[in-house]
Amino acid sequence: MTIRENTVRAIPWILGAAVFLLVASTARHYGVTWDEPAYFHAADLHIQWTAEFWQNLLRGQPTASLRGEVINAAWHWDPYHVPHPPFSRILSGLTKAIFSPVMDKFVAYRLAPALSFTLLATVMYLWMTALFDRTTGIFSALTLVLIPNLFGFAHFAVTDLPLAAMWFVTVYCFWQGLKSWKWSVVLGVAWGLALATKFPAFLIPVPLLLWAHIYHRRSYANNLFTMIFLSPMVMIALNPYWWHETLPRLVTFLYDHVSRSYRPETNFLIYFFHQLYYTHDLPWYYPLFMIAVTTPEIFVVLSLVGVASIRFLREQRAVLVLFLLNVIFIPVMGLSPGAVLHDGIRQLLSVLPFIGALAGAGFFVVTRYIVERGQKMLPLNRVQHLKPKLSGSLFLLTLFLPATDLVVYHPYELSYYNRFVGGLRGAYQRGLEITYYMEAFTPDFLKLLNEKLPPHATINATVSNVIFEYYQKEGRLRPDIKFTDGKDFNYYIRLIRFSTLIKAEENLNLKIKNLDPDTVIYLDGVPLISIYKVRN
């Protein structure tokens, strides 16, 4: 095997390692998100139960761990705050158990989504390289890193990024399974893992089977077989709560998730153009609009080029249609009855890898066009190695602006808006949600509170009190600081999350009405957090 061949074989490993190290090394920069405390605790319960189960198994007493009340305590501890299947939490629990002795506990939990993101980027490279070439494969993988919402969510130990990764991987395995029964088996496992991650994975077969019946109706029987028989086995095996009363609990799970928008405790407000909406009240274009304005504009344009090129790319046409079907299906699914769309792009995260793939196709088409034109131009056709030089230049020019934006926004990637709405400042002026997941309470912000607040300060942070109390419990905030939901406080911390802030402040006779904030955390001139000092 030549040195060149060895280098080519090493690319996915090098790419994966670089992506993982980038995410792992920046995981400590973000605040703990709204959902993570409950997920951290649930992950610990899962790993603790698993360890005790193996110990009881070795003692010949497995039933001690299999009793209904024991399983419920470990795997169904708080179904309101942890409503999703456990696969992503099992991974977080494992990385925490392995790495917490040598690193920060929060970072250890977050190595699991970093691994999911690494898998996603590697599969993107392999797939797009197989369809086009290595340059397009690397470009497409880097689009994932440079889409701010994907990169941001790669740091949070919740279900959204793992679902996006497993959705894309499942589609890839389905494509491979058309040619190999071994890949059909891998598909059965992959979709089973997706089902064990989050409810929307149950809908993955809709665009897959529609596409397969159009393009490969004689080739997908093996895929269908493993998805019907193997995937449910994987899903149930990873969730011991479903080992008892399997069918009733599955039916309950499905009902709970298809009815979320009909129940007030799970249908949260959405702030959109200065108005508050529930999902069923949103304009029909909401998911398409949010995808378009929270993805780097160059990738949006290139993805449209990729779509427009479907009719000309004969060899890749079927797969590009598969990407497009998923791009259409996911936002449409978000507007279906019972679905919810709160928290900006979070519920639509799975669409972004497919947009990245279409952007890679668009990059390939544009590059090929420029190279062909360049080879016909007299001054350029004399340049040696013109094709790689032009391709490399376009590669760097295309990725430069998204890379710059990622650096500028870090670690507030979830607040990213592109230039279609004037960036974050334009989004703020137009009445769009600018922060929502509490990741803006970064370790640096906690350090500021610990250093700035006087002894025994009393804080009202409305909906954010719960996260500050968690920080205090974990020793990240001084123990003398007090938090209250009432009106007797001397500091007010205002996270500019209008979807909850408007209602929260309606019921609170704020003492800050005529005060200027004492401290403000800005991003591009937009306030994300304000601290008010109340004079008694």
# chains A, B, ... in the order shown; residues from 1 in each chain; ligands from 1
call {"tool": "closest_atom_pairs", "arguments": {"of": "region 102-180 of chain A", "to": "region 294-305 of chain A", "cutoff": "12 Å", "atoms": "only C-alpha atoms", "output": "JSON lines"}}
result
{"residue": "A:Phe139", "atom": "CA", "partner": "A:Phe299", "partner_atom": "CA", "distance": 10.9}
{"residue": "A:Ser140", "atom": "CA", "partner": "A:Phe299", "partner_atom": "CA", "distance": 9.9}
{"residue": "A:Leu142", "atom": "CA", "partner": "A:Phe299", "partner_atom": "CA", "distance": 11.0}
{"residue": "A:Thr143", "atom": "CA", "partner": "A:Phe299", "partner_atom": "CA", "distance": 7.6}
{"residue": "A:Leu144", "atom": "CA", "partner": "A:Phe299", "partner_atom": "CA", "distance": 10.1}
{"residue": "A:Val145", "atom": "CA", "partner": "A:Pro296", "partner_atom": "CA", "distance": 11.4}
{"residue": "A:Leu146", "atom": "CA", "partner": "A:Pro296", "partner_atom": "CA", "distance": 8.1}
{"residue": "A:Ile147", "atom": "CA", "partner": "A:Thr295", "partner_atom": "CA", "distance": 6.1}
{"residue": "A:Pro148", "atom": "CA", "partner": "A:Thr295", "partner_atom": "CA", "distance": 7.4}
{"residue": "A:Asn149", "atom": "CA", "partner": "A:Thr294", "partner_atom": "CA", "distance": 7.6}
{"residue": "A:Leu150", "atom": "CA", "partner": "A:Thr295", "partner_atom": "CA", "distance": 9.5}
{"residue": "A:Phe151", "atom": "CA", "partner": "A:Thr295", "partner_atom": "CA", "distance": 11.5}
call {"tool": "select_by_dssp", "arguments": {"residues": "region 204-275 of chain A", "states": "helix (DSSP H, G or I)", "output": "ChimeraX atom specification"}}
result
/A:205-215,221-237,240-243,246-258,260-262
call {"tool": "select_by_dssp", "arguments": {"residues": "region 74-320 of chain A", "states": "strand (DSSP E or B)", "output": "list of chain:residue names"}}
result
A:Ile270, A:Tyr271, A:Phe272, A:Gln275, A:Leu276, A:Tyr277
call {"tool": "write_last_selection", "arguments": {"atoms": "all heavy atoms", "output": "compact mmCIF listing (two decimals), in the first residue's frame"}}
result
# COMPACT_ATOMS: atom_id res chain seq x y z
N ILE A 270 -43.60 30.71 22.02
CA ILE A 270 -42.58 31.01 21.01
C ILE A 270 -42.66 32.49 20.70
O ILE A 270 -43.74 33.03 20.45
CB ILE A 270 -42.84 30.18 19.74
CG1 ILE A 270 -42.75 28.68 20.05
CG2 ILE A 270 -41.85 30.57 18.64
CD1 ILE A 270 -43.46 27.81 19.04
N TYR A 271 -41.52 33.17 20.73
CA TYR A 271 -41.45 34.61 20.47
C TYR A 271 -41.03 34.81 19.01
O TYR A 271 -39.94 34.40 18.60
CB TYR A 271 -40.43 35.25 21.41
CG TYR A 271 -40.32 36.74 21.33
CD1 TYR A 271 -41.36 37.57 21.74
CD2 TYR A 271 -39.15 37.34 20.86
CE1 TYR A 271 -41.24 38.95 21.69
CE2 TYR A 271 -39.02 38.72 20.81
CZ TYR A 271 -40.07 39.52 21.22
OH TYR A 271 -39.95 40.88 21.18
N PHE A 272 -41.90 35.44 18.23
CA PHE A 272 -41.67 35.56 16.80
C PHE A 272 -42.23 36.88 16.30
O PHE A 272 -43.44 37.13 16.37
CB PHE A 272 -42.35 34.37 16.09
CG PHE A 272 -42.04 34.25 14.63
CD1 PHE A 272 -40.74 34.14 14.18
CD2 PHE A 272 -43.07 34.20 13.68
CE1 PHE A 272 -40.45 34.01 12.83
CE2 PHE A 272 -42.80 34.07 12.33
CZ PHE A 272 -41.49 33.97 11.90
N GLN A 275 -44.29 38.89 18.80
CA GLN A 275 -45.54 38.28 19.23
C GLN A 275 -45.24 36.94 19.91
O GLN A 275 -44.25 36.29 19.61
CB GLN A 275 -46.47 38.04 18.04
CG GLN A 275 -46.88 39.30 17.31
CD GLN A 275 -47.77 40.21 18.15
OE1 GLN A 275 -48.61 39.73 18.90
NE2 GLN A 275 -47.60 41.52 18.01
N LEU A 276 -46.14 36.53 20.81
CA LEU A 276 -46.04 35.23 21.47
C LEU A 276 -47.03 34.26 20.82
O LEU A 276 -48.21 34.60 20.63
CB LEU A 276 -46.33 35.35 22.96
CG LEU A 276 -45.30 36.12 23.79
CD1 LEU A 276 -45.76 36.23 25.24
CD2 LEU A 276 -43.93 35.45 23.73
N TYR A 277 -46.54 33.07 20.50
CA TYR A 277 -47.36 32.06 19.84
C TYR A 277 -47.19 30.72 20.54
O TYR A 277 -46.13 30.44 21.11
CB TYR A 277 -46.94 31.86 18.37
CG TYR A 277 -47.10 33.03 17.46
CD1 TYR A 277 -46.06 33.95 17.29
CD2 TYR A 277 -48.26 33.22 16.71
CE1 TYR A 277 -46.17 35.02 16.42
CE2 TYR A 277 -48.39 34.28 15.84
CZ TYR A 277 -47.35 35.19 15.69
OH TYR A 277 -47.46 36.24 14.82
call {"tool": "residues_around", "arguments": {"residues": "Tyr215 (chain A)", "least_positions_apart": "5", "cutoff": "12 Å", "atoms": "only C-alpha atoms", "output": "PyMOL selection string"}}
result
chain A and resi 175+178+208-210+220+317-322
call {"tool": "atom_distance", "arguments": {"atom1": "CA of Leu349 (chain A)", "atom2": "CA of Asp160 (chain A)"}}
result
6.7 Å
call {"tool": "closest_residue", "arguments": {"among": "A:Leu45, A:Leu224, A:Ala154, A:Ala73", "to": "Leu22 (chain A)", "atoms": "only C-alpha atoms"}}
result
A:Ala154
call {"tool": "closest_residue", "arguments": {"among": "A:Asn6, A:Ser65, A:Ser530, A:Ser464", "to": "Thr500 (chain A)", "atoms": "only C-alpha atoms"}}
result
A:Ser464
call {"tool": "closest_residue", "arguments": {"among": "A:Pro287, A:Gly374, A:Pro37, A:Pro455", "to": "Ser336 (chain A)", "atoms": "only C-alpha atoms"}}
result
A:Pro287
call {"tool": "residues_around", "arguments": {"residues": "region 266-269 of chain A", "least_positions_apart": "5", "cutoff": "7 Å", "atoms": "only C-alpha atoms", "output": "short mmCIF file (atom, residue, chain, number, x, y, z; two decimals) with N, CA and C atoms, in the first residue's frame"}}
result
data_model
loop_
_atom_site.label_atom_id
_atom_site.label_comp_id
_atom_site.auth_asym_id
_atom_site.auth_seq_id
_atom_site.Cartn_x
_atom_site.Cartn_y
_atom_site.Cartn_z
N ARG A 260 -48.19 16.55 22.53
CA ARG A 260 -47.49 17.56 23.33
C ARG A 260 -48.08 18.96 23.15
N SER A 261 -48.42 19.31 21.93
CA SER A 261 -48.92 20.67 21.71
C SER A 261 -50.35 20.86 22.20
N LEU A 276 -46.14 36.53 20.81
CA LEU A 276 -46.04 35.23 21.47
C LEU A 276 -47.03 34.26 20.82
N TYR A 277 -46.54 33.07 20.50
CA TYR A 277 -47.36 32.06 19.84
C TYR A 277 -47.19 30.72 20.54
N TYR A 278 -48.21 29.89 20.44
CA TYR A 278 -48.04 28.46 20.62
C TYR A 278 -47.85 27.84 19.24
N VAL A 340 -44.31 20.27 18.58
CA VAL A 340 -43.98 21.56 19.19
C VAL A 340 -42.72 22.11 18.53
N HIS A 342 -40.91 25.03 20.00
CA HIS A 342 -40.29 26.04 20.85
C HIS A 342 -38.76 25.95 20.78
N SER A 499 -39.69 34.79 25.24
CA SER A 499 -40.79 33.83 25.23
C SER A 499 -41.26 33.48 26.63
#
call {"tool": "atom_distance", "arguments": {"atom1": "CA of Lys482 (chain A)", "atom2": "CA of Ile459 (chain A)"}}
result
6.1 Å
call {"tool": "residues_around", "arguments": {"residues": "Lys96 (chain A)", "least_positions_apart": "4", "cutoff": "12 Å", "atoms": "only C-alpha atoms", "output": "ChimeraX atom specification"}}
result
/A:40-41,43-44,46-48,89-92,100-113,157
call {"tool": "write_last_selection", "arguments": {"atoms": "C-alpha atoms", "output": "compact mmCIF listing (two decimals), in the first residue's frame"}}
result
# COMPACT_ATOMS: atom_id res chain seq x y z
CA PHE A 40 -27.10 14.57 34.23
CA HIS A 41 -28.90 13.02 37.18
CA ALA A 43 -27.55 9.51 33.32
CA ASP A 44 -26.04 8.78 36.74
CA HIS A 46 -28.82 4.67 34.50
CA ILE A 47 -25.13 3.88 35.03
CA GLN A 48 -25.62 3.12 38.70
CA ARG A 89 -28.01 9.68 28.55
CA ILE A 90 -26.43 6.23 28.71
CA LEU A 91 -23.55 7.57 26.62
CA SER A 92 -23.25 10.68 28.80
CA SER A 100 -14.84 12.69 35.50
CA PRO A 101 -11.85 11.66 37.68
CA VAL A 102 -9.54 13.58 35.33
CA MET A 103 -11.71 16.47 34.07
CA ASP A 104 -14.59 18.75 34.98
CA LYS A 105 -17.77 16.77 35.57
CA PHE A 106 -19.89 18.83 33.19
CA VAL A 107 -17.32 18.39 30.41
CA ALA A 108 -17.23 14.64 31.04
CA TYR A 109 -20.99 14.37 30.48
CA ARG A 110 -20.64 16.42 27.30
CA LEU A 111 -18.07 14.14 25.69
CA ALA A 112 -20.99 11.94 24.61
CA PRO A 113 -22.59 14.53 22.26
CA ALA A 157 -25.71 16.56 26.94
call {"tool": "closest_residue", "arguments": {"among": "A:Ala339, A:Val23, A:Cys173, A:Leu193", "to": "Tyr262 (chain A)", "atoms": "only C-alpha atoms"}}
result
A:Ala339
call {"tool": "residues_around", "arguments": {"residues": "region 121-135 of chain A", "least_positions_apart": "6", "cutoff": "7 Å", "atoms": "only C-alpha atoms", "output": "NGL selection string"}}
result
:A and (12 or 15-16 or 141 or 144 or 169 or 316)
call {"tool": "write_last_selection", "arguments": {"atoms": "N, CA, C and O atoms", "output": "PDB file, in the first residue's frame"}}
result
ATOM      1  N   PRO A  12     -10.598  10.105   7.180  1.00  0.00           N
ATOM      2  CA  PRO A  12     -11.756  10.126   8.093  1.00  0.00           C
ATOM      3  C   PRO A  12     -11.356  10.037   9.560  1.00  0.00           C
ATOM      4  O   PRO A  12     -12.017  10.634  10.421  1.00  0.00           O
ATOM      5  N   LEU A  15      -9.970  13.513  10.441  1.00  0.00           N
ATOM      6  CA  LEU A  15     -11.093  14.452  10.504  1.00  0.00           C
ATOM      7  C   LEU A  15     -11.902  14.230  11.773  1.00  0.00           C
ATOM      8  O   LEU A  15     -12.230  15.186  12.496  1.00  0.00           O
ATOM      9  N   GLY A  16     -12.238  12.976  12.059  1.00  0.00           N
ATOM     10  CA  GLY A  16     -13.019  12.677  13.261  1.00  0.00           C
ATOM     11  C   GLY A  16     -12.306  13.096  14.527  1.00  0.00           C
ATOM     12  O   GLY A  16     -12.915  13.679  15.435  1.00  0.00           O
ATOM     13  N   ALA A 141     -18.247  18.012   5.418  1.00  0.00           N
ATOM     14  CA  ALA A 141     -18.031  17.758   6.849  1.00  0.00           C
ATOM     15  C   ALA A 141     -17.780  19.055   7.597  1.00  0.00           C
ATOM     16  O   ALA A 141     -18.273  19.251   8.720  1.00  0.00           O
ATOM     17  N   LEU A 144     -20.772  21.198   8.707  1.00  0.00           N
ATOM     18  CA  LEU A 144     -21.399  20.831   9.979  1.00  0.00           C
ATOM     19  C   LEU A 144     -20.750  21.576  11.138  1.00  0.00           C
ATOM     20  O   LEU A 144     -21.430  22.043  12.058  1.00  0.00           O
ATOM     21  N   VAL A 169     -27.218   9.266  10.075  1.00  0.00           N
ATOM     22  CA  VAL A 169     -26.543   7.966   9.983  1.00  0.00           C
ATOM     23  C   VAL A 169     -27.522   6.880   9.540  1.00  0.00           C
ATOM     24  O   VAL A 169     -27.165   6.002   8.743  1.00  0.00           O
ATOM     25  N   GLN A 316     -25.701  11.328  -9.213  1.00  0.00           N
ATOM     26  CA  GLN A 316     -26.014  11.621  -7.808  1.00  0.00           C
ATOM     27  C   GLN A 316     -27.480  12.009  -7.608  1.00  0.00           C
ATOM     28  O   GLN A 316     -27.880  12.326  -6.477  1.00  0.00           O
TER      29      GLN A 316
END
